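S.K.: Just one file: query39.cif, with mmCIF, C-alpha atoms.
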data_query
#
loop_
_atom_site.label_atom_id
_atom_site.label_comp_id
_atom_site.auth_asym_id
_atom_site.auth_seq_id
_atom_site.Cartn_x
_atom_site.Cartn_y
_atom_site.Cartn_z
CA MET A 1 -52.95 13.04 12.00
CA LYS A 2 -52.30 16.25 10.07
CA ILE A 3 -49.07 16.82 11.97
CA VAL A 4 -47.82 13.33 11.19
CA PHE A 5 -48.71 13.81 7.53
CA GLY A 6 -46.95 17.17 7.50
CA VAL A 7 -43.77 15.78 9.09
CA LEU A 8 -43.79 12.90 6.63
CA LEU A 9 -44.21 15.23 3.67
CA VAL A 10 -41.39 17.49 4.82
CA ALA A 11 -39.16 14.47 5.46
CA ILE A 12 -39.86 13.04 1.99
CA PHE A 13 -39.13 16.32 0.22
CA SER A 14 -35.97 16.81 2.31
CA LEU A 15 -34.87 13.33 1.29
CA VAL A 16 -35.52 14.19 -2.34
CA GLY A 17 -33.40 17.31 -1.85
CA PHE A 18 -30.66 15.22 -0.26
CA ILE A 19 -30.75 12.68 -3.11
CA MET A 20 -30.53 15.50 -5.64
CA SER A 21 -27.45 16.83 -3.85
CA ILE A 22 -25.60 13.50 -3.83
CA LYS A 23 -24.06 14.22 -7.22
CA TYR A 24 -22.03 17.02 -5.65
CA SER A 25 -20.64 14.67 -3.02
CA GLU A 26 -19.89 12.03 -5.64
CA ARG A 27 -18.08 14.51 -7.87
CA ARG A 28 -16.10 15.81 -4.89
CA ALA A 29 -15.18 12.25 -3.86
CA PHE A 30 -14.17 11.46 -7.45
CA TYR A 31 -11.77 14.38 -7.63
CA CYS A 32 -10.41 13.65 -4.14
CA ASP A 33 -9.48 10.13 -5.31
CA PHE A 34 -8.16 11.48 -8.61
CA TYR A 35 -5.96 14.03 -6.83
CA SER A 36 -4.75 11.45 -4.34
CA PHE A 37 -3.91 9.00 -7.15
CA ASN A 38 -1.90 11.66 -8.94
CA SER A 39 0.00 12.56 -5.76
CA LYS A 40 0.91 8.91 -5.24
CA TYR A 41 1.89 8.70 -8.88
CA ILE A 42 4.32 11.60 -8.51
CA LEU A 43 5.95 9.86 -5.55
CA SER A 44 6.06 6.57 -7.39
CA VAL A 45 7.71 7.80 -10.59
CA SER A 46 10.32 9.55 -8.49
CA LEU A 47 11.03 6.73 -6.09
CA SER A 48 9.29 3.38 -5.77
CA LYS A 49 8.50 2.88 -9.48
CA ASP A 50 5.23 1.11 -8.74
CA THR A 51 3.03 0.32 -11.71
CA LEU A 52 -0.17 2.30 -12.36
CA TYR A 53 -2.26 -0.67 -11.30
CA SER A 54 -0.32 -1.02 -8.06
CA ILE A 55 -0.70 2.71 -7.28
CA LEU A 56 -4.44 2.48 -7.95
CA GLU A 57 -4.76 -0.49 -5.60
CA LYS A 58 -2.96 1.43 -2.88
CA ASN A 59 -5.09 4.53 -3.41
CA ASP A 60 -8.01 3.30 -1.26
CA CYS A 61 -10.61 4.89 -3.54
CA LYS A 62 -14.02 5.73 -2.17
CA SER A 63 -15.56 6.77 -5.47
CA ASP A 64 -16.07 5.53 -9.02
CA PHE A 65 -12.61 6.83 -9.83
CA TYR A 66 -11.26 3.31 -9.25
CA LYS A 67 -13.46 1.85 -12.00
CA VAL A 68 -12.73 4.68 -14.42
CA ALA A 69 -8.97 4.57 -13.80
CA LEU A 70 -8.84 0.79 -14.03
CA ALA A 71 -10.59 0.86 -17.40
CA LYS A 72 -8.24 3.57 -18.62
CA ILE A 73 -5.12 1.74 -17.38
CA LYS A 74 -6.32 -1.40 -19.16
CA GLY A 75 -6.60 0.66 -22.32
CA ILE A 76 -10.40 0.41 -22.59
CA GLN A 77 -11.45 3.32 -24.79
CA THR A 78 -15.16 3.54 -23.97
CA ILE A 79 -15.75 4.05 -20.28
CA LYS A 80 -19.03 4.13 -18.42
CA LYS A 81 -20.60 7.58 -18.13
CA TYR A 82 -21.55 8.76 -14.67
CA GLY A 83 -24.34 11.32 -14.31
CA TYR A 84 -22.48 13.45 -11.81
CA LEU A 85 -19.50 13.94 -14.09
CA LYS A 86 -19.68 16.70 -16.69
CA SER A 87 -18.24 16.60 -20.22
CA GLU A 88 -15.34 18.80 -19.00
CA ASP A 89 -14.56 16.11 -16.41
CA TYR A 90 -14.35 13.42 -19.08
CA LYS A 91 -12.06 15.69 -21.09
CA ILE A 92 -9.74 15.97 -18.08
CA ILE A 93 -9.87 12.19 -17.55
CA ASP A 94 -9.09 11.47 -21.22
CA GLU A 95 -6.24 13.96 -21.34
CA TYR A 96 -4.78 12.66 -18.08
CA PHE A 97 -4.79 8.99 -18.97
CA ASP A 98 -3.86 9.43 -22.61
CA GLY A 99 -0.18 8.53 -22.67
CA LEU A 100 0.04 8.08 -18.89
CA GLY A 101 2.82 5.66 -17.95
CA LYS A 102 4.32 5.49 -21.41
CA GLY A 103 7.24 7.85 -20.87
CA ASP A 104 10.33 7.63 -18.69
CA GLY A 105 10.35 8.83 -15.09
CA TYR A 106 11.35 12.41 -15.98
CA ILE A 107 8.54 12.93 -18.52
CA GLU A 108 5.96 11.23 -16.33
CA LYS A 109 6.82 13.36 -13.32
CA ARG A 110 6.70 16.56 -15.37
CA ASN A 111 3.23 15.67 -16.73
CA ALA A 112 1.95 14.58 -13.34
CA LEU A 113 3.10 17.84 -11.73
CA LYS A 114 1.20 19.77 -14.42
CA SER A 115 -1.90 17.68 -13.73
CA GLU A 116 -1.55 18.27 -10.01
CA GLU A 117 -2.38 21.95 -10.43
CA ILE A 118 -5.47 21.21 -12.53
CA LEU A 119 -6.70 18.49 -10.17
CA LYS A 120 -6.09 20.65 -7.12
CA GLU A 121 -8.28 23.37 -8.64
CA LYS A 122 -11.01 20.90 -9.60
CA LYS A 123 -10.97 19.28 -6.17
CA LYS A 124 -11.25 22.68 -4.51
CA SER A 125 -14.13 23.83 -6.74
CA CYS A 126 -15.97 20.52 -6.17
CA GLU A 127 -15.58 20.91 -2.41
CA LEU A 128 -16.96 24.45 -2.62
CA GLU A 129 -19.85 23.30 -4.83
CA GLU A 130 -20.70 20.54 -2.39
CA LYS A 131 -20.51 22.92 0.55
CA LYS A 132 -22.76 25.36 -1.26
CA TYR A 133 -25.36 23.13 -2.93
CA LYS A 134 -25.76 20.18 -0.57
CA PRO A 135 -27.37 22.16 2.30
CA LEU A 136 -29.22 24.29 -0.25
CA PHE A 137 -30.93 21.30 -1.86
CA ILE A 138 -31.87 19.85 1.54
CA LYS A 139 -33.26 23.20 2.67
CA LEU A 140 -35.18 23.62 -0.58
CA GLY A 141 -36.63 20.14 -0.13
CA LEU A 142 -37.64 21.00 3.40
CA LEU A 143 -39.18 24.28 2.28
CA PHE A 144 -40.97 22.68 -0.67
CA GLY A 145 -42.36 19.98 1.62
CA ALA A 146 -43.64 22.65 4.03
CA ILE A 147 -45.26 24.64 1.18
CA VAL A 148 -46.98 21.57 -0.22
CA PHE A 149 -48.25 20.71 3.26
CA ILE A 150 -49.63 24.23 3.78
CA LEU A 151 -51.31 24.15 0.38
CA LEU A 152 -52.85 20.78 1.09
CA ILE A 153 -54.31 21.75 4.44
CA MET B 1 3.92 -20.74 -15.82
CA ASP B 2 1.78 -17.65 -16.41
CA LEU B 3 1.90 -16.70 -20.07
CA SER B 4 -1.27 -14.59 -20.11
CA PHE B 5 0.83 -11.51 -20.81
CA LEU B 6 1.44 -12.85 -24.33
CA GLY B 7 -2.17 -12.17 -25.29
CA ALA B 8 -5.00 -14.55 -26.12
CA GLU B 9 -3.77 -15.63 -29.57
CA ILE B 10 -0.31 -16.78 -28.47
CA GLU B 11 -1.53 -18.12 -25.14
CA ASN B 12 -4.20 -20.21 -26.89
CA ALA B 13 -1.63 -21.53 -29.36
CA ILE B 14 0.73 -22.44 -26.51
CA SER B 15 -2.07 -24.17 -24.63
CA LEU B 16 -1.97 -26.81 -27.39
CA LEU B 17 1.64 -27.62 -26.45
CA ASP B 18 3.37 -29.37 -23.57
CA LYS B 19 4.65 -26.37 -21.61
CA ASP B 20 7.40 -28.44 -20.01
CA LYS B 21 9.04 -28.73 -23.43
CA LEU B 22 8.76 -25.03 -24.21
CA TYR B 23 11.89 -23.00 -23.45
CA GLU B 24 11.72 -19.91 -25.61
CA ILE B 25 9.29 -17.82 -27.66
CA ARG B 26 10.57 -15.40 -30.29
CA ILE B 27 8.27 -12.68 -31.60
CA ARG B 28 9.53 -10.57 -34.48
CA LYS B 29 7.50 -7.86 -36.17
CA GLY B 30 6.23 -9.07 -39.53
CA PHE B 31 7.38 -12.68 -39.11
CA PRO B 32 5.85 -15.87 -37.77
CA VAL B 33 6.34 -16.47 -34.06
CA LYS B 34 9.01 -19.10 -33.37
CA ILE B 35 9.38 -21.32 -30.35
CA TYR B 36 12.19 -23.43 -28.97
CA TYR B 37 10.23 -26.54 -28.28
CA ASN B 38 11.36 -30.05 -27.46
CA GLY B 39 14.98 -29.20 -28.25
CA LYS B 40 14.49 -27.42 -31.58
CA PHE B 41 13.12 -24.23 -33.12
CA GLU B 42 9.76 -24.39 -34.86
CA TYR B 43 6.85 -22.13 -35.77
CA LEU B 44 4.06 -21.53 -33.30
CA ASN B 45 0.76 -22.61 -34.82
CA ARG B 46 -2.81 -21.93 -33.88
CA ILE B 47 -6.03 -23.49 -35.10
CA ASN B 48 -8.11 -20.99 -37.08
CA GLU B 49 -11.91 -20.78 -37.26
CA ASN B 50 -11.95 -23.37 -40.08
CA GLY B 51 -10.00 -25.83 -37.96
CA ILE B 52 -6.83 -25.37 -40.03
CA LYS B 53 -3.39 -25.00 -38.49
CA VAL B 54 -1.89 -21.57 -39.26
CA LYS B 55 1.26 -19.81 -38.12
CA VAL B 56 0.89 -17.12 -35.48
CA LEU B 57 2.23 -13.86 -36.86
CA GLY B 58 4.30 -11.40 -34.83
CA THR B 59 2.66 -8.06 -35.58
CA GLU B 60 3.30 -4.63 -34.13
CA ASP B 61 0.04 -4.95 -32.19
CA VAL B 62 1.13 -8.29 -30.73
CA ILE B 63 4.47 -6.80 -29.60
CA ASN B 64 2.86 -3.66 -28.18
CA ASN B 65 0.26 -5.76 -26.38
CA VAL B 66 2.92 -7.98 -24.79
CA ILE B 67 4.87 -4.92 -23.62
CA PHE B 68 1.68 -3.29 -22.33
CA ASN B 69 0.74 -6.42 -20.37
CA LEU B 70 4.25 -6.92 -19.01
CA THR B 71 4.60 -3.36 -17.83
CA GLU B 72 0.93 -2.98 -16.86
CA GLY B 73 0.95 0.15 -19.01
CA SER B 74 3.69 1.60 -16.81
CA LEU B 75 6.82 1.81 -18.94
CA TYR B 76 8.45 4.29 -16.56
CA ALA B 77 8.46 1.59 -13.87
CA PHE B 78 10.53 -0.71 -16.09
CA ASN B 79 12.79 1.79 -17.78
CA ASP B 80 15.84 0.65 -15.84
CA ASP B 81 15.26 -2.86 -17.19
CA ILE B 82 14.45 -1.62 -20.69
CA LYS B 83 17.73 0.29 -20.81
CA GLU B 84 19.47 -3.03 -20.19
CA GLY B 85 17.54 -4.64 -23.04
CA TYR B 86 14.95 -6.65 -21.18
CA ILE B 87 11.77 -6.56 -19.12
CA SER B 88 11.45 -8.92 -16.19
CA LYS B 89 8.07 -9.90 -14.81
CA PHE B 90 6.30 -12.95 -13.45
CA GLY B 91 9.74 -14.61 -12.98
CA GLN B 92 10.25 -14.48 -16.73
CA ARG B 93 12.80 -12.47 -18.62
CA VAL B 94 11.76 -10.93 -21.90
CA GLY B 95 14.62 -9.70 -24.06
CA ILE B 96 13.80 -6.72 -26.26
CA ALA B 97 15.39 -5.43 -29.45
CA GLY B 98 14.73 -2.11 -31.10
CA GLU B 99 16.15 1.37 -31.43
CA PHE B 100 18.27 2.46 -28.48
CA VAL B 101 18.05 6.11 -27.46
CA TYR B 102 21.22 7.72 -26.09
CA MET B 103 21.50 10.94 -24.14
CA ASP B 104 24.89 12.29 -23.10
CA GLY B 105 26.46 8.98 -24.09
CA VAL B 106 24.17 6.95 -21.85
CA ILE B 107 21.33 4.67 -22.96
CA LYS B 108 18.07 6.32 -21.90
CA THR B 109 15.51 3.93 -23.33
CA VAL B 110 14.57 1.68 -26.25
CA LYS B 111 11.94 2.70 -28.77
CA ASN B 112 10.41 1.06 -31.86
CA ILE B 113 10.69 -2.36 -30.29
CA GLU B 114 10.54 -4.96 -33.06
CA SER B 115 11.59 -8.20 -31.38
CA LEU B 116 10.87 -9.98 -28.15
CA VAL B 117 12.56 -13.08 -26.81
CA ILE B 118 10.63 -14.71 -24.01
CA ARG B 119 12.50 -17.32 -22.02
CA THR B 120 10.22 -19.58 -20.06
CA PRO B 121 11.76 -20.76 -16.80
CA HIS B 122 11.34 -24.33 -15.61
CA ASP B 123 11.52 -25.50 -12.06
CA VAL B 124 13.15 -28.90 -12.11
CA TYR B 125 13.33 -30.21 -8.58
CA GLY B 126 16.41 -32.38 -8.30
CA ALA B 127 18.19 -30.66 -11.21
CA SER B 128 21.19 -30.05 -8.97
CA ASN B 129 21.42 -33.53 -7.40
CA GLU B 130 24.54 -34.42 -9.37
CA PHE B 131 26.20 -31.16 -8.42
CA LEU B 132 25.65 -31.31 -4.71
CA GLY B 133 28.28 -33.96 -3.94
CA GLU B 134 31.00 -31.86 -5.54
CA ILE B 135 29.80 -28.53 -4.14
CA VAL B 136 29.06 -29.42 -0.52
CA ASP B 137 31.96 -30.92 1.40
CA GLY B 138 30.93 -31.43 5.01
CA ARG B 139 30.20 -27.98 6.39
CA GLU B 140 32.00 -26.28 3.55
CA VAL B 141 30.33 -25.06 0.39
CA ARG B 142 32.80 -24.81 -2.46
CA ASN B 143 32.95 -21.72 -4.64
CA THR B 144 31.47 -22.94 -7.87
CA LEU B 145 31.05 -21.66 -11.41
CA ILE B 146 28.77 -23.35 -13.93
CA VAL B 147 29.88 -22.68 -17.50
CA ALA B 148 27.51 -23.50 -20.34
CA PRO B 149 25.87 -22.02 -23.42
CA LYS B 150 22.29 -20.78 -23.32
CA ARG B 151 19.39 -23.18 -22.74
CA MET B 152 21.53 -25.76 -20.88
CA GLY B 153 19.83 -25.18 -17.55
CA LYS B 154 22.29 -22.98 -15.66
CA THR B 155 19.57 -20.96 -13.94
CA THR B 156 17.48 -24.07 -13.30
CA VAL B 157 20.42 -25.69 -11.50
CA LEU B 158 21.13 -22.54 -9.48
CA LYS B 159 17.48 -22.37 -8.39
CA ASP B 160 17.52 -25.97 -7.27
CA LEU B 161 20.85 -25.52 -5.49
CA ALA B 162 19.39 -22.58 -3.57
CA ARG B 163 16.52 -24.77 -2.35
CA LYS B 164 18.87 -27.62 -1.41
CA LEU B 165 21.27 -25.37 0.52
CA ASP B 166 18.27 -23.83 2.27
CA LYS B 167 17.24 -27.30 3.41
CA LEU B 168 20.80 -27.89 4.67
CA GLY B 169 20.34 -24.85 6.90
CA LYS B 170 22.72 -22.56 5.05
CA ASN B 171 21.87 -18.87 4.94
CA VAL B 172 21.55 -18.32 1.23
CA LEU B 173 21.49 -14.93 -0.43
CA ILE B 174 20.26 -14.86 -4.00
CA ILE B 175 21.39 -11.85 -5.98
CA ASP B 176 18.68 -11.80 -8.61
CA GLU B 177 19.68 -9.06 -11.02
CA ARG B 178 16.89 -9.81 -13.50
CA ALA B 179 14.10 -11.08 -11.23
CA GLU B 180 14.34 -14.66 -12.48
CA PHE B 181 14.33 -16.35 -9.07
CA ALA B 182 10.89 -15.06 -8.06
CA ASP B 183 9.60 -18.54 -7.25
CA VAL B 184 12.57 -19.59 -5.11
CA LYS B 185 11.68 -19.18 -1.46
CA GLY B 186 12.80 -20.73 1.79
CA GLU B 187 13.26 -20.12 5.49
CA ASN B 188 16.99 -19.55 5.03
CA ILE B 189 16.81 -17.66 1.75
CA ASP B 190 17.19 -13.89 1.33
CA LYS B 191 16.94 -12.15 -1.99
CA TYR B 192 18.23 -8.99 -3.53
CA VAL B 193 16.14 -8.34 -6.62
CA LYS B 194 16.86 -6.09 -9.62
CA ILE B 195 20.17 -4.91 -8.25
CA LYS B 196 23.59 -4.68 -9.84
CA LYS B 197 25.84 -7.47 -8.63
CA THR B 198 28.60 -5.05 -7.72
CA ASP B 199 26.27 -3.10 -5.40
CA ALA B 200 24.68 -6.26 -4.02
CA PHE B 201 27.91 -7.97 -2.97
CA ILE B 202 29.11 -4.93 -1.03
CA MET B 203 25.79 -4.57 0.78
CA ALA B 204 25.42 -8.28 1.45
CA LEU B 205 28.82 -8.58 3.09
CA ARG B 206 28.13 -5.58 5.32
CA THR B 207 24.62 -6.40 6.37
CA LEU B 208 23.31 -9.91 5.69
CA SER B 209 26.19 -12.23 6.62
CA PRO B 210 25.19 -14.99 4.20
CA ASP B 211 26.87 -18.40 4.17
CA VAL B 212 26.38 -18.74 0.44
CA ILE B 213 25.67 -16.23 -2.30
CA ILE B 214 24.03 -17.50 -5.47
CA THR B 215 23.94 -15.29 -8.53
CA ASP B 216 23.44 -15.85 -12.23
CA GLU B 217 25.50 -14.80 -15.25
CA LEU B 218 28.81 -13.21 -14.34
CA SER B 219 29.51 -11.06 -17.37
CA CYS B 220 32.18 -8.46 -16.64
CA THR B 221 35.40 -8.00 -14.68
CA GLU B 222 33.54 -6.04 -12.00
CA ASP B 223 31.29 -9.05 -11.38
CA PHE B 224 34.28 -11.37 -10.94
CA ILE B 225 36.04 -8.87 -8.67
CA ALA B 226 32.91 -8.56 -6.53
CA VAL B 227 32.80 -12.36 -6.24
CA LYS B 228 36.48 -12.47 -5.37
CA ASP B 229 36.00 -9.94 -2.56
CA ALA B 230 33.11 -12.00 -1.19
CA VAL B 231 35.14 -15.20 -1.31
CA LEU B 232 38.05 -13.48 0.43
CA SER B 233 35.56 -12.41 3.10
CA GLY B 234 34.69 -16.02 3.81
CA VAL B 235 31.42 -16.27 1.89
CA SER B 236 30.90 -19.11 -0.59
CA VAL B 237 29.72 -18.09 -4.04
CA ILE B 238 27.93 -20.22 -6.61
CA SER B 239 27.39 -18.66 -10.00
CA SER B 240 27.20 -19.20 -13.74
CA CYS B 241 28.77 -17.83 -16.87
CA HIS B 242 27.98 -18.12 -20.57
CA GLY B 243 30.45 -20.13 -22.60
CA ASN B 244 30.89 -23.45 -24.36
CA GLY B 245 33.30 -24.65 -21.73
CA ILE B 246 36.38 -23.99 -19.66
CA SER B 247 38.54 -23.04 -22.64
CA ASP B 248 35.99 -20.35 -23.60
CA LEU B 249 35.89 -19.13 -20.04
CA LYS B 250 39.67 -18.81 -19.77
CA GLY B 251 39.70 -16.87 -23.03
CA LYS B 252 37.18 -14.28 -21.85
CA SER B 253 38.63 -10.80 -21.36
CA PHE B 254 36.80 -10.35 -18.08
CA PHE B 255 37.56 -13.71 -16.49
CA VAL B 256 39.43 -13.56 -13.19
CA ASN B 257 41.25 -16.74 -12.26
CA GLY B 258 41.78 -18.17 -8.81
CA ILE B 259 38.31 -17.57 -7.35
CA PHE B 260 36.41 -20.79 -7.83
CA ASP B 261 37.11 -24.25 -6.42
CA ARG B 262 34.91 -26.09 -8.91
CA TYR B 263 33.95 -25.50 -12.53
CA PHE B 264 31.08 -27.40 -14.13
CA GLU B 265 30.54 -27.77 -17.86
CA LEU B 266 27.06 -28.72 -19.01
CA THR B 267 25.88 -30.59 -22.05
CA SER B 268 22.59 -30.76 -23.90
CA LYS B 269 20.91 -34.11 -23.38
CA GLY B 270 17.34 -32.89 -23.50
CA LEU B 271 17.34 -32.29 -19.74
CA PRO B 272 18.51 -29.17 -17.95
CA GLY B 273 21.74 -29.32 -16.00
CA VAL B 274 23.43 -32.43 -17.37
CA ILE B 275 27.10 -32.32 -16.34
CA SER B 276 29.67 -33.06 -19.02
CA ALA B 277 32.79 -32.26 -17.00
CA VAL B 278 33.91 -31.04 -13.59
CA TYR B 279 37.22 -29.23 -13.01
CA ASP B 280 39.05 -28.27 -9.84
CA LYS B 281 40.59 -24.89 -8.99
CA SER B 282 43.60 -25.54 -11.25
CA PHE B 283 41.36 -26.73 -14.13
CA ASN B 284 42.26 -30.37 -13.63
CA LEU B 285 39.50 -32.67 -14.83
CA LEU B 286 38.00 -34.56 -11.91
#
How does the structure come out when it is put into structure tokens?

M.R.:
Amino acid sequence: MKIVFGVLLVAIFSLVGFIMSIKYSERRAFYCDFYSFNSKYILSVSLSKDTLYSILEKNDCKSDFYKVALAKIKGIQTIKKYGYLKSEDYKIIDEYFDGLGKGDGYIEKRNALKSEEILKEKKKSCELEEKKYKPLFIKLGLLFGAIVFILLI
Amino acid sequence: MDLSFLGAEIENAISLLDKDKLYEIRIRKGFPVKIYYNGKFEYLNRINENGIKVKVLGTEDVINNVIFNLTEGSLYAFNDDIKEGYISKFGQRVGIAGEFVYMDGVIKTVKNIESLVIRTPHDVYGASNEFLGEIVDGREVRNTLIVAPKRMGKTTVLKDLARKLDKLGKNVLIIDERAEFADVKGENIDKYVKIKKTDAFIMALRTLSPDVIITDELSCTEDFIAVKDAVLSGVSVISSCHGNGISDLKGKSFFVNGIFDRYFELTSKGLPGVISAVYDKSFNLL
């Protein structure tokens, strides 16, 4: 009975650790979609001249980036705040979408190429953060569960 | 007819009208919106919160909102159109007027847009019935030019002709320079969209082997020469040109004679595409 209780406790705390680490995956997924959107945008302004909406639809987003970008493209000023995004992320989002699509192809491409560097860096740092913190949180959960179990018995 | 891009205020005001009688909407910054409705220009009115009829005003916000909706916030995607003085979307052509920006002697874009002219297309099935007998002669399709002023139904007739020729089994190529034939489809219809006529004719002859080419608004010598080359290659061409009639056409600096077998003049009788006169190749009245 004690063993079952102990396994359950460890599993619950590990799950808590996993849930606490989700924000890193969500942030990484957000920047992956953001970077991918920008890459498609660069191609589009140079060649196919698709609209922002059309590029977003083709982007196959797996994160909340779709909702954020759609709101921004529609010109909605106040967007929903997501817990896993920091204030610096919202600053990047605002700066990116402010004026996006309003210039000619040359200006748009120049701006998008500038953004590419920033987004590449952000994407990379988010991937590193996820790699670093996700297993850490799960391990901490596991450890905490084990400690609590030991203390209880 | 999707007019949602005009914004809620104008769309609501238009919803009070019979859309079949609406041909044009003119929005000018600081002035009431005007419409060409039931054969005449009038103000566009809306019902305010007190139930009183008031004129809809063309503000900067209204104009910017229309442009935003038309371009989906992606001006760069429409800059080639904008440089030509229009934006084409949803099968509608919106003419724009403002400050043109030149760079190295070439128009780069238009800024400070202060006027919009929205032409609302109408599909009138059967609009070309009267034309067909003169244009189709057995297996032959005569090279035809429709000459008429604006709002006489030139494009409406061309659209209907495309559908009719499709049903006759002719391979029809529509050269749709301003994306106005979006709703014309058929099993024998191909379309070149947003392409210069001069480029389109060359490509079409090399690759698509159409029986008939339909294109709207010939407006320069290069257009006429492109048509002439197509005709000399054995392809029939049906097109249109702005003008009050044959005498106007012959006086145009860019007109090239000897291409077309039939010329149609149109008249305004409240319906699109009402023929007032038909001429043969030598401008003899038929």

S.K.: With the file shown as input, list the residues that the PyMOL selection byres ((chain B) within 12 of (chain A)) selects, as a list in words.

M.R.: Asn64, Asn65, Ile67, Phe68, Asn69, Leu70, Thr71, Glu72, Gly73, Ser74, Leu75, Tyr76, Ala77, Phe78, Asn79, Asp80, Asp81, Ile82, Lys83, Lys89, Val101, Lys108, Thr109, Val110 and Lys111 of chain B

S.K.: Between B:Val54, B:Val274, B:Leu205, B:Leu285, single out the one closest to Thr156 (chain B), counting all atoms listed in the file.

M.R.: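 That would be B:Val274, the residue with the smallest distance to Thr156 (chain B).
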
S.K.: Any chance you could work out the residue set of the PyMOL selection byres ((chain B and resi 121-137) around 8) here, as a list in words?

M.R.: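 Applied to this file, the PyMOL selection byres ((chain B and resi 121-137) around 8) selects Met1, Asp20, Tyr23, Gly91, Gln92, Arg119, Thr120, Gly138, Arg139, Glu140, Val141, Arg142, Asn143, Thr144, Thr156, Val157, Leu158, Lys159, Asp160, Leu161, Glu180, Arg262, Pro272, Gly273 and Ile275 of chain B.
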
S.K.: At a cut-off of 9 Å around the point (-4.4, 17.6, -10.0) (file coordinates), what residues fall inside when counting all atoms listed in the file? I'd like the answer as a VMD selection string.

M.R.: chain A and resid 31 34 to 36 38 to 39 112 to 123

S.K.: I need the residue nearest Lys86 (chain A) from this list: A:Leu136, A:Cys126, A:Met20, A:Cys32. Use all atoms listed in the file for the distance.

M.R.: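 Using all atoms listed in the file, the shortest distance to Lys86 (chain A) belongs to A:Cys126.
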
S.K.: Taking only C-alpha atoms into account, name the residue in B:Phe224, B:Tyr279, B:Phe181, B:Phe5 that is nearest to Val62 (chain B).

M.R.: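 Checking each of B:Phe224, B:Tyr279, B:Phe181, B:Phe5 against Val62 (chain B), counting only C-alpha atoms, the winner is B:Phe5.
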
S.K.: Find the distance between CA of Lys170 (chain B) and CA of Leu286 (chain B) and write it in Å to one decimal.

M.R.: 25.8 Å

S.K.: With 6 Å of padding per side, what axis-aligned box (centre and edge lengths, Å, one decimal) covers all the listed atoms of region 247-252 of chain B? Give it as JSON.

M.R.:
{"center_x": 37.8, "center_y": -18.7, "center_z": -21.7, "size_x": 15.8, "size_y": 20.8, "size_z": 15.8}
